[in-house]
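Colleague: Data: protein_21.txt, compact mmCIF, C-alpha atoms and all ligand atoms.
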# COMPACT_ATOMS: atom_id res chain seq x y z
CA MET K 1 32.95 4.26 4.10
CA SER K 2 31.39 3.23 0.81
CA LEU K 3 28.29 1.16 1.37
CA PRO K 4 27.47 -2.12 -0.40
CA PRO K 5 24.41 -2.70 -2.57
CA PRO K 6 21.66 -4.65 -0.78
CA PRO K 7 21.60 -8.43 -1.06
CA PRO K 8 19.83 -9.71 -4.21
CA LEU K 9 16.30 -11.06 -3.78
CA SER K 10 16.37 -14.46 -2.12
CA PRO K 11 14.61 -17.46 -3.76
CA LYS K 12 11.80 -16.99 -1.19
CA GLN K 13 11.38 -13.31 -2.11
CA GLU K 14 11.34 -14.29 -5.82
CA GLN K 15 8.64 -16.91 -5.15
CA LEU K 16 6.60 -14.39 -3.21
CA LEU K 17 6.75 -11.86 -6.02
CA GLU K 18 5.83 -14.45 -8.61
CA LEU K 19 2.79 -15.69 -6.72
CA THR K 20 1.65 -12.13 -5.87
CA ASN K 21 1.83 -11.16 -9.55
CA GLN K 22 -0.10 -14.30 -10.55
CA LEU K 23 -2.93 -13.84 -8.06
CA PRO K 24 -5.28 -12.00 -10.45
CA LEU K 25 -4.83 -14.86 -12.95
CA LEU K 26 -5.38 -17.62 -10.38
CA LEU K 27 -8.34 -16.09 -8.52
CA THR K 28 -11.47 -14.10 -9.35
CA GLU K 29 -11.94 -10.60 -7.92
CA ASP K 30 -14.48 -11.94 -5.41
CA GLU K 31 -12.10 -14.67 -4.28
CA LEU K 32 -9.27 -12.14 -3.89
CA ALA K 33 -11.51 -9.98 -1.73
CA ASN K 34 -12.07 -12.91 0.66
CA PRO K 35 -8.76 -14.13 2.16
CA LEU K 36 -10.28 -17.37 3.51
CA VAL K 37 -11.67 -18.43 0.16
CA ALA K 38 -8.51 -17.24 -1.62
CA SER K 39 -6.34 -19.21 0.74
CA GLU K 40 -8.36 -22.41 0.30
CA LYS K 41 -8.23 -22.19 -3.48
CA LEU K 42 -4.48 -21.63 -3.46
CA ARG K 43 -3.90 -24.55 -1.10
CA ALA K 44 -5.77 -26.74 -3.53
CA LYS K 45 -3.17 -25.66 -6.09
CA ASN K 46 -0.41 -26.90 -3.72
CA PHE K 47 1.12 -23.54 -2.70
CA SER K 48 2.56 -23.59 0.83
CA PRO K 49 0.48 -21.94 3.60
CA ASN K 50 3.31 -19.48 4.43
CA LEU K 51 3.73 -18.42 0.83
CA ILE K 52 -0.04 -18.02 0.43
CA ALA K 53 -0.32 -15.86 3.58
CA SER K 54 2.59 -13.64 2.47
CA ALA K 55 1.29 -13.25 -1.08
CA LEU K 56 -2.25 -12.37 0.07
CA SER K 57 -0.91 -9.84 2.55
CA GLN K 58 1.34 -8.39 -0.18
CA TRP K 59 -1.70 -8.19 -2.46
CA SER K 60 -3.69 -6.26 0.11
CA LEU K 61 -0.72 -3.90 0.78
CA ARG K 62 -0.53 -3.25 -2.96
CA GLN K 63 -4.21 -2.33 -3.11
CA ARG K 64 -3.68 0.17 -0.24
CA ALA K 65 -0.53 1.42 -1.94
CA ILE K 66 -2.35 2.03 -5.24
CA LYS K 67 -4.79 4.29 -3.34
CA LYS K 68 -1.93 6.22 -1.69
CA LEU K 69 0.68 6.26 -4.46
CA GLY K 70 -1.28 5.62 -7.65
CA PRO K 71 -0.39 3.25 -10.48
CA ILE K 72 3.38 3.18 -9.66
CA ALA K 73 2.43 0.82 -6.83
CA GLN K 74 1.09 -1.78 -9.26
CA ASP K 75 4.32 -3.75 -9.54
CA TRP K 76 6.16 -2.58 -6.44
CA PHE K 77 6.78 -4.62 -3.35
CA PHE K 78 5.59 -3.18 -0.03
CA THR K 79 6.09 -3.71 3.65
CA ASN K 80 3.52 -2.36 6.09
CA ASP K 81 6.00 0.10 7.64
CA GLY K 82 7.37 1.10 4.26
CA LEU K 83 3.90 1.88 2.96
CA GLU K 84 2.86 3.85 6.04
CA GLN K 85 6.03 5.94 5.85
CA ALA K 86 6.01 6.46 2.08
CA THR K 87 5.66 10.08 1.01
CA GLN K 88 2.52 10.72 -1.02
CA THR K 89 3.13 10.92 -4.76
CA VAL K 90 2.23 14.59 -5.19
CA VAL K 91 4.55 15.60 -2.35
CA ALA K 92 7.45 13.36 -3.45
CA ARG K 93 7.20 14.89 -6.94
CA HIS K 94 7.27 18.37 -5.40
CA HIS K 95 10.42 17.51 -3.38
CA ALA K 96 12.13 16.17 -6.50
CA GLN K 97 11.22 19.28 -8.50
CA ARG K 98 12.78 21.48 -5.83
CA PHE K 99 16.14 19.66 -6.29
CA ALA K 100 15.84 19.83 -10.08
CA GLU K 101 14.91 23.52 -10.08
CA ALA K 102 17.89 24.30 -7.83
CA GLY K 103 20.07 22.80 -10.59
CA PHE K 104 21.26 19.63 -8.81
CA SER K 105 21.96 16.47 -10.74
CA GLN K 106 23.44 14.10 -8.10
CA VAL K 107 21.70 13.71 -4.76
CA ALA K 108 21.36 11.21 -1.93
CA ASP K 109 18.05 9.94 -0.56
CA LEU K 110 19.07 9.06 3.00
CA GLY K 111 16.64 6.54 4.52
CA CYS K 112 15.01 5.76 1.18
CA ALA K 113 12.76 2.96 2.54
CA LEU K 114 10.99 1.38 -0.47
CA GLY K 115 12.11 4.11 -2.86
CA THR K 116 9.22 6.56 -3.36
CA GLU K 117 11.33 9.71 -3.17
CA SER K 118 14.22 8.22 -5.17
CA GLN K 119 11.81 7.27 -7.90
CA PHE K 120 10.58 10.84 -8.33
CA LEU K 121 14.13 12.24 -8.15
CA ALA K 122 15.07 9.86 -10.97
CA ARG K 123 12.02 10.89 -12.97
CA GLU K 124 13.20 14.49 -12.71
CA GLY K 125 16.44 13.34 -14.35
CA LEU K 126 18.63 13.27 -11.22
CA SER K 127 21.11 10.55 -10.29
CA VAL K 128 20.47 9.20 -6.82
CA PHE K 129 22.37 7.37 -4.10
CA ALA K 130 19.45 5.73 -2.26
CA VAL K 131 20.68 4.70 1.19
CA GLU K 132 18.64 2.40 3.45
CA LEU K 133 19.65 0.89 6.76
CA ASP K 134 17.32 -2.10 6.85
CA PRO K 135 18.70 -4.86 4.56
CA LEU K 136 15.27 -6.32 3.65
CA THR K 137 13.78 -2.90 2.89
CA ALA K 138 16.88 -2.00 0.88
CA SER K 139 16.59 -5.17 -1.21
CA TRP K 140 12.94 -4.34 -1.99
CA ALA K 141 13.92 -0.75 -2.82
CA ALA K 142 16.47 -2.07 -5.32
CA PHE K 143 13.72 -4.22 -6.84
CA ASN K 144 11.21 -1.35 -6.96
CA LEU K 145 13.74 1.02 -8.55
CA ARG K 146 15.12 -1.56 -11.00
CA GLU K 147 14.08 0.40 -14.08
CA HIS K 148 15.88 3.58 -12.97
CA SER K 149 19.49 2.91 -13.91
CA GLN K 150 20.59 6.25 -12.44
CA VAL K 151 19.53 5.16 -8.94
CA GLN K 152 22.11 3.25 -6.94
CA VAL K 153 20.62 1.60 -3.86
CA LEU K 154 23.10 1.18 -1.00
CA GLN K 155 22.54 -0.62 2.27
CA GLY K 156 23.80 0.74 5.57
CA LEU K 157 23.85 3.80 7.78
CA ALA K 158 23.48 7.20 6.15
CA GLU K 159 26.05 8.38 8.71
CA ASP K 160 28.60 5.91 7.23
CA PHE K 161 27.72 6.91 3.68
CA LEU K 162 28.40 10.57 4.52
CA ALA K 163 31.61 9.78 6.40
CA SER K 164 33.31 9.43 2.98
CA PRO K 165 30.77 10.68 0.48
CA PRO K 166 31.17 10.40 -3.29
CA ALA K 167 32.84 13.53 -4.70
CA SER K 168 29.92 13.95 -7.12
CA LEU K 169 27.34 14.33 -4.32
CA GLN K 170 25.67 17.77 -4.46
CA ALA K 171 22.70 17.68 -2.08
CA VAL K 172 20.86 15.36 0.29
CA PHE K 173 17.29 14.46 1.23
CA ALA K 174 16.63 12.81 4.58
CA ASP K 175 13.40 11.40 5.89
CA PRO K 176 14.09 10.19 9.44
CA ALA K 177 11.95 7.31 10.75
CA ARG K 178 9.54 8.91 13.25
CA ARG K 179 7.78 5.78 14.51
CA LEU K 180 8.83 2.83 16.59
CA GLY K 181 6.64 -0.24 17.18
CA GLY K 182 3.67 1.57 15.61
CA LYS K 183 4.04 4.56 17.96
CA ARG K 184 4.92 8.12 16.96
CA LEU K 185 8.18 9.40 18.45
CA MET K 186 7.48 12.92 19.66
CA ASN K 187 11.06 13.88 20.52
CA PRO K 188 13.06 14.61 17.31
CA GLU K 189 16.16 13.25 19.02
CA ASP K 190 14.47 9.83 19.19
CA TRP K 191 14.03 9.74 15.40
CA SER K 192 16.33 7.59 13.27
CA PRO K 193 18.54 9.37 12.43
CA PRO K 194 18.01 12.00 15.15
CA LEU K 195 17.05 15.43 13.82
CA SER K 196 20.33 16.95 15.10
CA THR K 197 22.26 14.43 12.98
CA ALA K 198 20.19 15.23 9.87
CA LEU K 199 20.67 18.96 10.52
CA SER K 200 24.43 18.43 10.80
CA TRP K 201 24.33 17.03 7.24
CA ALA K 202 22.60 20.24 6.22
CA ALA K 203 25.70 22.16 7.34
CA ASP K 204 27.73 20.36 4.64
CA TYR K 205 25.15 20.01 1.85
CA PRO K 206 22.04 21.76 0.64
CA ALA K 207 19.41 19.54 2.23
CA GLY K 208 15.74 18.69 2.44
CA ILE K 209 14.81 17.14 5.79
CA LYS K 210 11.31 15.81 6.22
CA VAL K 211 9.96 16.31 9.74
CA ALA K 212 6.70 16.02 11.67
CA PRO K 213 4.25 18.83 10.81
CA GLY K 214 3.89 19.63 14.51
CA ILE K 215 7.64 20.41 14.77
CA ASP K 216 8.52 23.05 17.36
CA TYR K 217 9.89 26.14 15.54
CA LYS K 218 12.90 26.14 17.88
CA PHE K 219 14.31 23.20 15.87
CA LEU K 220 14.16 25.10 12.56
CA PRO K 221 17.41 26.70 11.37
CA PRO K 222 16.59 30.42 11.00
CA THR K 223 17.92 30.60 7.43
CA SER K 224 15.99 27.51 6.31
CA LEU K 225 12.82 27.52 4.31
CA THR K 226 10.43 25.23 6.13
CA GLU K 227 7.37 24.08 4.24
CA PHE K 228 4.26 22.82 6.00
CA VAL K 229 2.43 20.65 3.52
CA SER K 230 -1.22 19.66 3.14
CA VAL K 231 -2.83 17.36 0.63
CA GLY K 232 -6.44 18.49 0.57
CA GLN K 233 -7.43 19.06 4.19
CA ASN K 234 -4.76 16.76 5.64
CA VAL K 235 -1.48 18.17 6.91
CA VAL K 236 1.02 15.51 5.89
CA GLU K 237 4.49 16.82 6.73
CA ALA K 238 6.87 19.68 7.18
CA CYS K 239 10.13 19.80 5.26
CA ILE K 240 13.20 21.86 6.20
CA TRP K 241 15.09 23.09 3.11
CA THR K 242 18.54 24.64 3.42
CA LYS K 243 21.17 26.56 1.41
CA ASP K 244 20.41 26.65 -2.35
CA LEU K 245 17.18 24.72 -1.74
CA ALA K 246 15.95 27.59 0.44
CA PRO K 247 15.97 30.67 -1.78
CA ILE K 248 13.91 32.69 0.71
CA PRO K 249 14.14 31.83 4.43
CA GLY K 250 10.96 31.56 6.44
CA ARG K 251 7.96 29.30 6.92
CA VAL K 252 5.62 28.57 4.02
CA ALA K 253 2.43 26.57 3.63
CA GLN K 254 2.15 24.41 0.53
CA VAL K 255 -1.37 23.17 -0.19
CA PHE K 256 -2.09 20.57 -2.85
CA VAL K 257 -5.69 20.49 -4.03
CA GLU K 258 -6.47 17.99 -6.77
CA ASP K 259 -4.04 18.89 -9.57
CA GLN K 260 -3.23 22.38 -8.29
CA SER K 261 -0.76 23.59 -5.73
CA PHE K 262 -0.79 26.84 -3.76
CA THR K 263 2.05 28.45 -1.80
CA PHE K 264 1.45 30.82 1.10
CA SER K 265 4.19 32.81 2.78
CA ASP K 266 4.61 35.93 4.87
CA PRO K 267 6.57 38.84 3.36
CA LEU K 268 7.08 40.14 6.91
CA SER K 269 8.48 36.83 8.19
CA GLU K 270 11.45 36.92 10.56
CA GLY K 271 13.00 33.62 9.49
CA ALA K 272 11.91 30.00 9.85
CA ASN K 273 12.08 30.03 13.66
CA GLY K 274 10.67 33.57 14.00
CA PRO K 275 7.58 34.38 16.04
CA VAL K 276 4.05 33.98 14.73
CA ARG K 277 2.77 37.39 13.66
CA PRO K 278 -0.59 38.10 15.32
CA ALA K 279 -3.58 38.42 12.98
CA PRO K 280 -6.15 41.18 13.54
CA CYS K 281 -9.25 40.19 15.52
CA GLY K 282 -12.83 41.34 15.02
CA ASP K 283 -16.51 40.53 15.18
CA LEU K 284 -18.23 37.66 13.45
CA GLY K 285 -18.97 38.62 9.84
CA ARG K 286 -21.07 37.04 7.09
CA PHE K 287 -18.56 34.24 6.47
CA ILE K 288 -16.55 32.03 8.79
CA LEU K 289 -13.42 30.31 7.56
CA GLU K 290 -11.65 27.26 8.90
CA PRO K 291 -8.05 27.59 7.71
CA ASN K 292 -6.15 24.69 6.22
CA GLY K 293 -3.89 23.03 8.82
CA ALA K 294 -0.75 23.86 6.80
CA LEU K 295 -1.44 27.58 7.31
CA VAL K 296 -2.15 27.07 10.99
CA ARG K 297 1.01 24.99 11.55
CA SER K 298 3.17 27.47 9.63
CA GLY K 299 1.79 30.40 11.65
CA LEU K 300 0.62 32.22 8.53
CA LEU K 301 -2.87 33.34 9.55
CA ALA K 302 -1.78 37.01 9.72
CA ALA K 303 -0.41 36.82 6.16
CA LEU K 304 -3.65 35.17 5.01
CA ALA K 305 -5.69 37.81 6.82
CA ASP K 306 -3.69 40.59 5.11
CA GLU K 307 -4.10 39.01 1.69
CA PHE K 308 -7.87 38.51 1.90
CA ASP K 309 -8.93 41.14 4.41
CA LEU K 310 -9.88 38.57 7.06
CA ARG K 311 -9.94 38.81 10.84
CA LEU K 312 -9.60 36.21 13.56
CA LEU K 313 -12.64 35.64 15.75
CA ASP K 314 -10.39 35.20 18.77
CA PRO K 315 -6.59 35.53 19.12
CA GLN K 316 -6.34 31.96 20.45
CA ILE K 317 -8.67 30.24 18.02
CA ALA K 318 -8.02 29.49 14.37
CA PHE K 319 -11.39 30.61 12.97
CA LEU K 320 -11.33 33.57 10.60
CA THR K 321 -14.19 35.72 9.43
CA THR K 322 -14.98 38.22 6.68
CA ASP K 323 -17.94 39.98 5.10
CA ILE K 324 -16.85 39.64 1.51
CA LEU K 325 -15.33 36.90 -0.66
CA PRO K 326 -13.48 37.24 -3.96
CA PRO K 327 -16.01 36.70 -6.79
CA ALA K 328 -16.40 33.24 -8.37
CA GLY K 329 -14.17 32.42 -11.33
CA ILE K 330 -11.11 34.47 -10.39
CA PRO K 331 -7.78 32.98 -9.18
CA ALA K 332 -7.97 34.82 -5.83
CA ARG K 333 -11.10 32.84 -4.96
CA GLU K 334 -9.44 29.51 -5.82
CA ARG K 335 -6.50 30.52 -3.63
CA LEU K 336 -8.70 31.47 -0.70
CA PHE K 337 -10.66 28.22 -1.00
CA ALA K 338 -7.35 26.28 -0.98
CA ALA K 339 -6.34 28.16 2.18
CA ALA K 340 -9.60 27.62 4.05
CA GLN K 341 -12.99 25.96 4.05
CA VAL K 342 -15.53 28.72 3.75
CA PHE K 343 -18.97 28.79 5.41
CA GLU K 344 -21.79 31.32 5.29
CA VAL K 345 -23.16 32.06 8.74
CA SER K 346 -26.92 31.44 9.16
CA THR K 347 -27.24 32.31 12.81
CA SER K 348 -25.34 32.32 16.07
CA VAL K 349 -26.67 31.56 19.56
CA PRO K 350 -25.13 31.23 23.02
CA LEU K 351 -23.57 27.78 23.40
CA HIS K 352 -26.35 26.31 25.56
CA ARG K 353 -27.88 22.97 24.88
CA LYS K 354 -31.49 24.13 24.43
CA GLN K 355 -30.66 27.18 22.33
CA VAL K 356 -28.36 25.22 20.04
CA ALA K 357 -30.89 22.36 19.65
CA LYS K 358 -33.68 24.84 18.79
CA ALA K 359 -31.51 26.74 16.26
CA VAL K 360 -30.46 23.49 14.56
CA SER K 361 -34.03 22.17 14.33
CA GLU K 362 -35.15 25.45 12.73
CA ALA K 363 -32.26 25.59 10.29
CA GLU K 364 -33.31 22.72 7.96
CA PHE K 365 -30.04 20.88 7.53
CA SER K 366 -29.62 17.56 5.68
CA SER K 367 -26.62 16.70 7.89
CA LEU K 368 -24.57 18.41 10.55
CA GLU K 369 -20.82 18.56 11.08
CA VAL K 370 -19.59 20.00 14.39
CA TYR K 371 -16.27 21.84 14.90
CA ALA K 372 -15.41 22.68 18.54
CA ARG K 373 -12.60 25.10 19.41
CA GLY K 374 -11.64 26.70 22.70
CA VAL K 375 -14.55 25.14 24.60
CA GLU K 376 -14.28 22.36 27.11
CA LEU K 377 -16.97 20.36 25.29
CA PRO K 378 -15.83 17.88 22.66
CA ALA K 379 -17.59 18.09 19.26
CA THR K 380 -19.12 14.63 19.89
CA THR K 381 -20.93 15.92 22.99
CA VAL K 382 -22.31 18.97 21.19
CA ARG K 383 -23.39 16.71 18.32
CA LYS K 384 -25.53 14.69 20.78
CA TRP K 385 -27.43 17.82 21.82
CA VAL K 386 -29.16 18.11 18.48
CA LYS K 387 -31.83 16.09 16.70
CA PHE K 388 -33.34 17.07 13.41
CA VAL K 389 -35.31 15.76 10.46
CA PRO K 390 -32.89 15.91 7.55
CA SER K 391 -33.92 18.41 4.87
CA GLY K 392 -32.25 21.21 2.95
CA GLN K 393 -28.46 21.60 2.75
CA PRO K 394 -25.60 20.13 4.81
CA GLY K 395 -24.86 22.35 7.79
CA VAL K 396 -21.99 23.06 10.13
CA LEU K 397 -22.07 24.01 13.79
CA PHE K 398 -19.04 25.85 15.17
CA ALA K 399 -18.90 25.56 18.96
CA ALA K 400 -16.36 28.16 19.99
CA ARG K 401 -15.23 30.49 22.69
CA LEU K 402 -14.81 33.95 21.22
CA ALA K 403 -13.32 36.46 23.65
CA THR K 404 -15.62 36.08 26.67
CA GLN K 405 -18.56 34.54 24.79
CA ARG K 406 -19.23 30.87 24.08
CA LEU K 407 -21.17 30.64 20.84
CA GLY K 408 -22.87 28.05 18.66
CA ILE K 409 -22.54 29.38 15.12
CA LEU K 410 -24.64 27.67 12.45
CA ALA K 411 -23.38 27.91 8.90
CA LYS K 412 -23.55 26.36 5.44
CA LYS K 413 -20.55 25.43 3.35
CA VAL K 414 -19.91 27.80 0.45
CA SER K 415 -18.81 26.09 -2.73
CA GLN K 416 -16.06 27.55 -4.85
C1 LIG N 1 10.36 7.50 7.07
S1 LIG N 1 11.16 6.23 6.24
C2 LIG N 1 11.51 6.91 4.67
C3 LIG N 1 10.33 6.89 3.74
C4 LIG N 1 10.70 7.32 2.33
N1 LIG N 1 11.12 8.69 2.27
C5 LIG N 1 9.51 7.13 1.40
O1 LIG N 1 8.89 8.10 0.98
O2 LIG N 1 9.19 5.97 1.10
C6 LIG N 1 12.72 6.20 7.02
C7 LIG N 1 13.65 5.08 6.56
O3 LIG N 1 14.95 5.38 7.03
C8 LIG N 1 15.60 4.19 7.41
N2 LIG N 1 16.67 4.60 8.37
C9 LIG N 1 16.53 4.91 9.69
N3 LIG N 1 17.70 5.32 10.19
C10 LIG N 1 18.60 5.30 9.17
C11 LIG N 1 19.97 5.62 9.06
N4 LIG N 1 20.64 6.08 10.11
N5 LIG N 1 20.57 5.45 7.87
C12 LIG N 1 19.88 4.99 6.79
N6 LIG N 1 18.57 4.66 6.83
C13 LIG N 1 17.94 4.83 8.00
C14 LIG N 1 14.51 3.34 8.01
O4 LIG N 1 14.85 1.96 7.95
C15 LIG N 1 13.30 3.72 7.12
O5 LIG N 1 13.16 2.80 6.07
Let me see whether you can do it: turn the structure in this file into structure tokens.
Ligand SMILES: C[S@@+](CC[C@H](N)C(=O)[O-])C[C@H]1O[C@@H](n2cnc3c(N)ncnc32)[C@H](O)[C@@H]1O
Modeller:
Amino acid sequence: MSLPPPPPLSPKQEQLLELTNQLPLLLTEDELANPLVASEKLRAKNFSPNLIASALSQWSLRQRAIKKLGPIAQDWFFTNDGLEQATQTVVARHHAQRFAEAGFSQVADLGCALGTESQFLAREGLSVFAVELDPLTASWAAFNLREHSQVQVLQGLAEDFLASPPASLQAVFADPARRLGGKRLMNPEDWSPPLSTALSWAADYPAGIKVAPGIDYKFLPPTSLTEFVSVGQNVVEACIWTKDLAPIPGRVAQVFVEDQSFTFSDPLSEGANGPVRPAPCGDLGRFILEPNGALVRSGLLAALADEFDLRLLDPQIAFLTTDILPPAGIPARERLFAAAQVFEVSTSVPLHRKQVAKAVSEAEFSSLEVYARGVELPATTVRKWVKFVPSGQPGVLFAARLATQRLGILAKKVSQ
């Protein structure tokens, strides 16, 4: 079934856009920062209370969107759900580049929401069928993508679109909705569309399917390439790539740090749903490393350990250790620092309240961050054990169970 374009913007939507765009001309920055004052001033100019409330809320969504998506958000229209679900700019660009590098020129963005992914696909020179189920969201997507003539926004079910797809369609991207009423849906079959439906599309087309980063490996097709993605320290998604979009099957970690990106994979991998290879374990060395969540989620700690001669402190706990780091100024060091936060150990004591408090007070820290792993105590409890007069450098306390020992390891962050 061929799907229709979304309805054009209604007069109310047009009014809302116009007032939102005018706000910085009608109000000062201080007034805009204070919704009560802003609202009063706009009422005095005879705008209706409903229109004022919608425009102010749109204004505040735009400010949040600019932080998440950058300047493209400046003249886009947002909904709260659409903004929360929008893929971060750096990741959407990466997705689009994968389609372009695989040589595709005509793709579908299935569940395009407000159009973030479609926009980057278009910027990479691809033509896009952007399909969105929700009529209001689809109409805003058409507005947001208005300058990209090679994007066709269609409203309806992706399932219907694919029931009689355009002959020119070469590949698909799907980003199932994973929340309902503000709550995360843990079962992939509760997503919209369900993961099994999205995976069935991947049988017909090379596909990228965005999924939760905590996805159980049993859902990953063995021949897929599944990327676990972090932006800085935050794991933001996993994405299952298939067929020509998955040149090498397996799990990879993709870490974006400022304007650089780093890829980690395991040459000994046994496919995307293969087991996690165990990393070697050993005693606490001079440095302790807290691996980036993308490497943890992708099960790549053994590959990281091989690459940098690291060892795990405990088979169950994702802290690594080493005695030597690559020297400053070489690419290997940048790569290691993208893969993990690195700390130099000052001392370690048994994880007992008095011993930890004494060690912290002697260590001269300006602040203290606590990481707890494998111990029944939450980090907040351990944090309450210690009091100190701030001086010196920021410090970190690792509260961890290592084999049979429970240790408090004090350390200082090493800068790259
Ligand atoms: C997670 S959001 C997509 C976010 C988008 N990739 C972005 O970066 O802005 C999922 C979208 O899919 C839409 N959707 C859910 N089920 C759908 C279906 N069966 N067909 C088409 N769209 C669907 C939802 O309305 C929602 O807007």
Colleague: So that each row is one residue of chain K with an atom at most 9 Å from ligand LIG 1 (chain N), can you give its shortest atom pair and the distance in Å to one decimal, using all atoms listed in the file, rows by chain and rising number, as a tab-separated table?
Modeller:
residue	atom	partner	partner_atom	distance
K:Asp81	CA	N:LIG1	O5	7.8
K:Gly82	CA	N:LIG1	O2	6.1
K:Leu83	CA	N:LIG1	O2	6.9
K:Glu84	CA	N:LIG1	O2	8.3
K:Gln85	CA	N:LIG1	C1	4.8
K:Ala86	CA	N:LIG1	O2	3.4
K:Thr87	CA	N:LIG1	O1	3.8
K:Gln88	CA	N:LIG1	O1	7.2
K:Thr89	CA	N:LIG1	O1	8.6
K:Ala92	CA	N:LIG1	O1	7.0
K:Asp109	CA	N:LIG1	N1	7.6
K:Leu110	CA	N:LIG1	C12	5.6
K:Gly111	CA	N:LIG1	O3	3.2
K:Cys112	CA	N:LIG1	C4	4.7
K:Ala113	CA	N:LIG1	O5	3.6
K:Leu114	CA	N:LIG1	O2	5.2
K:Gly115	CA	N:LIG1	O2	5.3
K:Thr116	CA	N:LIG1	O2	4.5
K:Glu117	CA	N:LIG1	O1	5.1
K:Ser118	CA	N:LIG1	N1	8.1
K:Val131	CA	N:LIG1	C12	5.7
K:Glu132	CA	N:LIG1	N6	4.1
K:Leu133	CA	N:LIG1	N6	3.9
K:Asp134	CA	N:LIG1	O4	4.9
K:Pro135	CA	N:LIG1	O4	8.5
K:Thr137	CA	N:LIG1	O5	6.6
K:Ala138	CA	N:LIG1	O5	8.0
K:Gln155	CA	N:LIG1	C12	7.7
K:Gly156	CA	N:LIG1	C12	5.9
K:Leu157	CA	N:LIG1	N5	3.7
K:Ala158	CA	N:LIG1	N5	3.8
K:Glu159	CA	N:LIG1	N4	6.0
K:Asp160	CA	N:LIG1	N5	8.1
K:Phe161	CA	N:LIG1	N5	8.4
K:Phe173	CA	N:LIG1	N1	8.5
K:Ala174	CA	N:LIG1	N1	7.3
K:Asp175	CA	N:LIG1	C2	5.0
K:Pro176	CA	N:LIG1	C6	4.9
K:Ala177	CA	N:LIG1	C6	4.0
K:Arg178	CA	N:LIG1	C1	6.4
K:Arg179	CA	N:LIG1	C1	8.1
K:Trp191	CA	N:LIG1	N3	7.8
K:Ser192	CA	N:LIG1	N3	4.1
K:Pro193	CA	N:LIG1	N4	4.5
K:Pro194	CA	N:LIG1	N4	8.2
K:Thr197	CA	N:LIG1	N4	9.0
K:Lys210	CA	N:LIG1	N1	8.1
Colleague: Hey, can you check how far atom CA of Ala328 of chain K sits from atom CA of Leu289 of chain K?
Modeller: 16.5 Å
Colleague: In file coordinates, which residues lie within 9 Å of (1.3, 20.2, 7.4) using all atoms listed in the file, given as a list of chain:residue names?
Modeller: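 Returned residue set, sorted by chain then number, is K:Ala212, K:Pro213, K:Gly214, K:Glu227, K:Phe228, K:Val229, K:Ser230, K:Val231, K:Asn234, K:Val235, K:Val236, K:Glu237, K:Ala238, K:Ala253, K:Gln254, K:Val255, K:Asn292, K:Gly293, K:Ala294, K:Leu295, K:Val296, K:Arg297, K:Ser298.
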Colleague: Give me, please, the distance in Å between atom CA of Pro249 of chain K and atom CA of Leu199 of chain K, quoted to one decimal.
Modeller: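 Computed distance, atom CA of Pro249 of chain K to atom CA of Leu199 of chain K, equals 15.7 Å.
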Colleague: Using only C-alpha atoms, determine which residues lie at most 12 Å from Arg251 of chain K, disregarding the query and same-chain residues fewer than 5 positions distant; provide the list as a VMD selection string.
Modeller: chain K and resid 213 215 217 220 to 229 238 to 241 246 263 to 277 294 to 301 303
Colleague: With 6 Å of padding per side, what axis-aligned box (centre and edge lengths, Å, one decimal) covers all the listed atoms of segment 86-91 of chain K? Give it as lines of an AutoDock Vina configuration file.
Modeller:
center_x = 4.1
center_y = 11.0
center_z = -1.6
size_x = 15.8
size_y = 21.1
size_z = 19.3
Colleague: Segment 394-408 of chain K: which residues within 7 Å, counting only C-alpha atoms, same-chain residues fewer than 4 positions away excluded, as a PyMOL selection string?
Modeller: chain K and resi 313-314+348-351+356+365-375+412-413
Colleague: Report, in Å to a single decimal, how far apart atom CA of Ala142 of chain K and atom CA of His95 of chain K are.
Modeller: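 Separation of atom CA of His95 of chain K and atom CA of Ala142 of chain K: 20.6 Å.
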Colleague: Between K:Asn34, K:Ser164, K:Gly182, K:Ala338, single out the one closest to Asn80 of chain K, counting all atoms listed in the file.
Modeller: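 Answer, going by the shortest atom-to-atom distance: K:Gly182.
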Colleague: Could you check which of K:Leu145, K:Arg184, K:Glu29, K:Ala198 is closest to Trp76 of chain K, using all atoms listed in the file?
Modeller: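 Closest residue, counting all atoms listed in the file: K:Leu145.
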Colleague: When you look at Phe143 of chain K with a cut-off of 12 Å (counting all atoms listed in the file), what residues show up, excluding the ones that are within fewer than 6 positions of it in the same chain? I need them as a list in words.
Modeller: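 The residues that qualify are Pro5, Pro6, Pro7, Pro8, Leu9, Ser10, Gln13, Glu14, Leu17, Asp75, Trp76, Phe77, Phe78, Ala113, Leu114, Gly115, Gln119, Leu136, Thr137, Ser149, Val151, Gln152 and Val153 of chain K.
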Colleague: Store the residues picked out above, limited to C-alpha atoms, as a compact mmCIF listing (two decimals), in the frame of the given file.
Modeller:
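Listed below is the output, result_1.txt:
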# COMPACT_ATOMS: atom_id res chain seq x y z
CA PRO K 5 24.41 -2.70 -2.57
CA PRO K 6 21.66 -4.65 -0.78
CA PRO K 7 21.60 -8.43 -1.06
CA PRO K 8 19.83 -9.71 -4.21
CA LEU K 9 16.30 -11.06 -3.78
CA SER K 10 16.37 -14.46 -2.12
CA GLN K 13 11.38 -13.31 -2.11
CA GLU K 14 11.34 -14.29 -5.82
CA LEU K 17 6.75 -11.86 -6.02
CA ASP K 75 4.32 -3.75 -9.54
CA TRP K 76 6.16 -2.58 -6.44
CA PHE K 77 6.78 -4.62 -3.35
CA PHE K 78 5.59 -3.18 -0.03
CA ALA K 113 12.76 2.96 2.54
CA LEU K 114 10.99 1.38 -0.47
CA GLY K 115 12.11 4.11 -2.86
CA GLN K 119 11.81 7.27 -7.90
CA LEU K 136 15.27 -6.32 3.65
CA THR K 137 13.78 -2.90 2.89
CA SER K 149 19.49 2.91 -13.91
CA VAL K 151 19.53 5.16 -8.94
CA GLN K 152 22.11 3.25 -6.94
CA VAL K 153 20.62 1.60 -3.86
